[in-house]
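Only one structure is covered here, and it is reproduced in the block below.
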Amino acid sequence: MYLIIFDVDGTLVDSQNTIFHGLQVGFDAVGLPMPDRKTALSIVGRSLEEAFSDLVGEAHREKVPAMAEAYRQAKWARRAEGLEIDPLYPGAREAVERLHARDAFLLGIATGKALRGVKHMQDTHGLHGKFATIQTADTSPSKPHPDMIERALSETGVLPERSVMIGDTAFDMAMAKSAGIGTIGVTWGYHDHSRLAAEGADRIIHGFDDLDDALAEVLNFDKETV
């Protein structure tokens, strides 16, 4: 078996608007000025408290719990109103369904989201039952710690050399490299090509149409026979 692990925000779904809104709520809650959009979104992929800590630094670290709680409360309220809808990137659904249909592949998720957020994404896009393992911020340290990957490997029994992480951030690449698995960076998310390359991405792709070829190269299989 092969294990293909996807990040969520910036890889499967375009969540920049809802994340930016939540960050703004967090900063407003403690009276701090919001960073510019590029800086704010640079922390996507980190777990929530770590993301706010990265943005505010040591000077305001004591405010992080209140900021994170304000973010969560805003998310829950907006979901209840049907406002938290993050669209799938073009080709994402087709890629997940195509790979899930192959007997030799297991799919997984490793994300800085909470499990509640992953379930909301699955509900929104009808993706329940596609992922054999789901690793979230509820049970693992923030990326780039390798715990999410190690848990996914343990749950599925797949060897590291037959596994790959697909993500849009340097955090994804560093996490996967620390766990000894392959890496495919995607350029439609929140970190640019240079940051992915600097963290040693084995392949970098610009659209889901390139994914099958990248998987064949990184996992060293013949995509026509798997």
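Labels used: A, B, ... for chains in the order of the structure tokens, numbers from 1 for residues in each chain, and numbers from 1 for ligands as shown.
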Q: Please provide the set of residues having any atom within 9 Å of Val56 of chain A, restricted to only C-alpha atoms, with same-chain residues fewer than 6 positions apart removed, written as a list in words.
A: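 Those residues are Leu32, Lys63 and Val64 of chain A.
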Q: Find the residues near segment 200-207 of chain A: any atom within 9 Å, counting only C-alpha atoms, skip ones fewer than 6 places away on the same chain, and give them as a PyMOL selection string.
A: chain A and resi 90-91+170+173-174+177+182-188+193+214-215+217-218
(Q) Residues within 6 Å of segment 43-50 of chain A, please, as a list in words. Count only C-alpha atoms; anything in the same chain fewer than 5 positions from it doesn't count. (A)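 The residues satisfying every condition are Ala68, Gly112, Ala137, Ser142 and Lys143 of chain A.
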Would you export the selected residues with C-alpha atoms as a PDB file, in the first residue's frame, please?
```pdb
ATOM      1  CA  ALA A  68      -7.371  31.928  19.865  1.00  0.00           C
ATOM      2  CA  GLY A 112      -3.332  22.440  11.683  1.00  0.00           C
ATOM      3  CA  ALA A 137      -4.175  19.930  15.998  1.00  0.00           C
ATOM      4  CA  SER A 142       1.919  22.011  15.534  1.00  0.00           C
ATOM      5  CA  LYS A 143       3.655  21.525  12.228  1.00  0.00           C
TER       6      LYS A 143
END
```
Q. Among segment 2-61 of chain A, which residues carry a DSSP assignment of helix (DSSP H, G or I), reported as a PyMOL selection string?
A. chain A and resi 16-30+37-41+48-56+58-61
At a cut-off of 7 Å, using only C-alpha atoms, what residues contact segment 75-87 of chain A? Leave out same-chain residues fewer than 2 positions from it and give the result as a compact mmCIF listing (two decimals) with N, CA, C and O atoms, in the first residue's frame.
```
# COMPACT_ATOMS: atom_id res chain seq x y z
N VAL A 13 -8.50 23.12 0.10
CA VAL A 13 -9.50 24.20 0.10
C VAL A 13 -8.84 25.57 0.17
O VAL A 13 -7.79 25.74 0.78
N ASP A 14 -9.49 26.52 -0.49
CA ASP A 14 -9.04 27.91 -0.48
C ASP A 14 -9.73 28.62 0.69
O ASP A 14 -10.85 29.11 0.56
N SER A 15 -9.04 28.65 1.82
CA SER A 15 -9.65 29.16 3.05
C SER A 15 -9.11 30.52 3.47
O SER A 15 -9.32 30.95 4.60
N THR A 18 -11.73 33.10 5.04
CA THR A 18 -12.28 32.77 6.35
C THR A 18 -11.18 32.78 7.42
O THR A 18 -11.43 33.19 8.56
N GLY A 22 -11.01 35.30 10.72
CA GLY A 22 -10.83 34.81 12.08
C GLY A 22 -9.64 35.45 12.77
O GLY A 22 -9.71 35.79 13.97
N TYR A 71 -11.11 33.64 17.97
CA TYR A 71 -11.10 33.05 16.63
C TYR A 71 -12.06 31.85 16.58
O TYR A 71 -12.89 31.75 15.68
N ARG A 72 -11.94 30.96 17.57
CA ARG A 72 -12.79 29.76 17.58
C ARG A 72 -14.27 30.12 17.70
O ARG A 72 -15.11 29.56 16.99
N GLN A 73 -14.58 31.04 18.59
CA GLN A 73 -15.98 31.42 18.77
C GLN A 73 -16.55 32.03 17.49
O GLN A 73 -17.71 31.74 17.13
N TYR A 89 -10.12 23.78 -4.25
CA TYR A 89 -9.35 24.26 -5.40
C TYR A 89 -9.73 23.44 -6.64
O TYR A 89 -10.15 22.29 -6.53
```
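Using only C-alpha atoms, the contacts of His128 of chain A at a cut-off of 10 Å, with sequence neighbours closer than 4 positions omitted, comprise A:Val118, A:Lys119, A:Met121, A:Gln122, A:Asp123, A:Thr124.
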**Q.** Distance in Å - atom CA of His145 of chain A versus atom CA of Ser178 of chain A
**A.** 7.6 Å
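Nearest to Thr111 of chain A of all the residues A:Gly126, A:Pro144, A:Gly26, A:Pro65 is A:Pro144, based on only C-alpha atoms.
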Q) Got a sec to tell me which of segment 57-152 of chain A DSSP assigns to strand (DSSP E or B), as a PyMOL selection string? A) chain A and resi 88+105-110+133-135
Since we have the selection now, will you write its residues out, keeping N, CA, C and O atoms, as an mmCIF file, in the first residue's frame?
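What follows is the written file selection-v7.cif:
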```cif
data_model
loop_
_atom_site.group_PDB
_atom_site.id
_atom_site.type_symbol
_atom_site.label_atom_id
_atom_site.label_comp_id
_atom_site.auth_asym_id
_atom_site.auth_seq_id
_atom_site.Cartn_x
_atom_site.Cartn_y
_atom_site.Cartn_z
ATOM 1 N N LEU A 88 -13.271 24.187 -2.626
ATOM 2 C CA LEU A 88 -12.178 23.324 -3.061
ATOM 3 C C LEU A 88 -11.428 23.991 -4.200
ATOM 4 O O LEU A 88 -12.023 24.693 -5.034
ATOM 5 N N PHE A 105 -3.842 2.561 -2.919
ATOM 6 C CA PHE A 105 -3.649 3.836 -2.239
ATOM 7 C C PHE A 105 -4.546 3.966 -1.019
ATOM 8 O O PHE A 105 -5.735 3.642 -1.062
ATOM 9 N N LEU A 106 -3.956 4.480 0.050
ATOM 10 C CA LEU A 106 -4.711 4.997 1.179
ATOM 11 C C LEU A 106 -4.480 6.499 1.229
ATOM 12 O O LEU A 106 -3.371 6.964 0.968
ATOM 13 N N LEU A 107 -5.536 7.253 1.556
ATOM 14 C CA LEU A 107 -5.411 8.708 1.667
ATOM 15 C C LEU A 107 -5.480 9.126 3.121
ATOM 16 O O LEU A 107 -6.142 8.491 3.946
ATOM 17 N N GLY A 108 -4.788 10.205 3.434
ATOM 18 C CA GLY A 108 -4.810 10.745 4.782
ATOM 19 C C GLY A 108 -4.843 12.260 4.775
ATOM 20 O O GLY A 108 -4.670 12.905 3.735
ATOM 21 N N ILE A 109 -5.068 12.823 5.945
ATOM 22 C CA ILE A 109 -5.037 14.273 6.161
ATOM 23 C C ILE A 109 -4.107 14.560 7.330
ATOM 24 O O ILE A 109 -4.116 13.849 8.337
ATOM 25 N N ALA A 110 -3.310 15.604 7.185
ATOM 26 C CA ALA A 110 -2.508 16.139 8.290
ATOM 27 C C ALA A 110 -2.637 17.652 8.241
ATOM 28 O O ALA A 110 -2.163 18.298 7.306
ATOM 29 N N THR A 133 -6.891 8.003 7.459
ATOM 30 C CA THR A 133 -6.323 8.553 8.679
ATOM 31 C C THR A 133 -6.433 10.069 8.629
ATOM 32 O O THR A 133 -6.187 10.677 7.585
ATOM 33 N N ILE A 134 -6.846 10.678 9.736
ATOM 34 C CA ILE A 134 -6.996 12.134 9.824
ATOM 35 C C ILE A 134 -6.277 12.604 11.074
ATOM 36 O O ILE A 134 -6.640 12.239 12.197
ATOM 37 N N GLN A 135 -5.240 13.410 10.877
ATOM 38 C CA GLN A 135 -4.444 13.930 11.979
ATOM 39 C C GLN A 135 -4.641 15.444 12.070
ATOM 40 O O GLN A 135 -4.541 16.140 11.060
#
```
Q | Distance in Å - atom CA of Ala114 of chain A versus atom CA of Phe27 of chain A | A |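 Atom CA of Phe27 of chain A lies at a distance of 20.0 Å from atom CA of Ala114 of chain A.
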**Q.** Separation of atom CA of Leu219 of chain A from atom CA of Ile181 of chain A, in Å and rounded to one decimal
**A.** 9.5 Å
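Shortest atom-to-atom contact with Gln16 of chain A among A:Pro141, A:Gly57, A:Gly189, A:Pro35: A:Gly189, counting only C-alpha atoms.
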Q. Which residue gives the smallest distance to Leu127 of chain A among A:Val158, A:Ala74, A:Val25, A:Val96, with only C-alpha atoms counted?
A. A:Val96
Q. Which residue gives the smallest distance to Tyr190 of chain A among A:Ala29, A:Leu23, A:Ala40, A:Met1, with only C-alpha atoms counted?
A. A:Ala40
Q. Restricting the calculation to only C-alpha atoms, which member of A:Ala66, A:Leu211, A:Ala216, A:Ala59 is positioned closest to Tyr2 of chain A?
A.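 Going through A:Ala66, A:Leu211, A:Ala216, A:Ala59 one by one, the smallest distance to Tyr2 of chain A is for A:Ala216.
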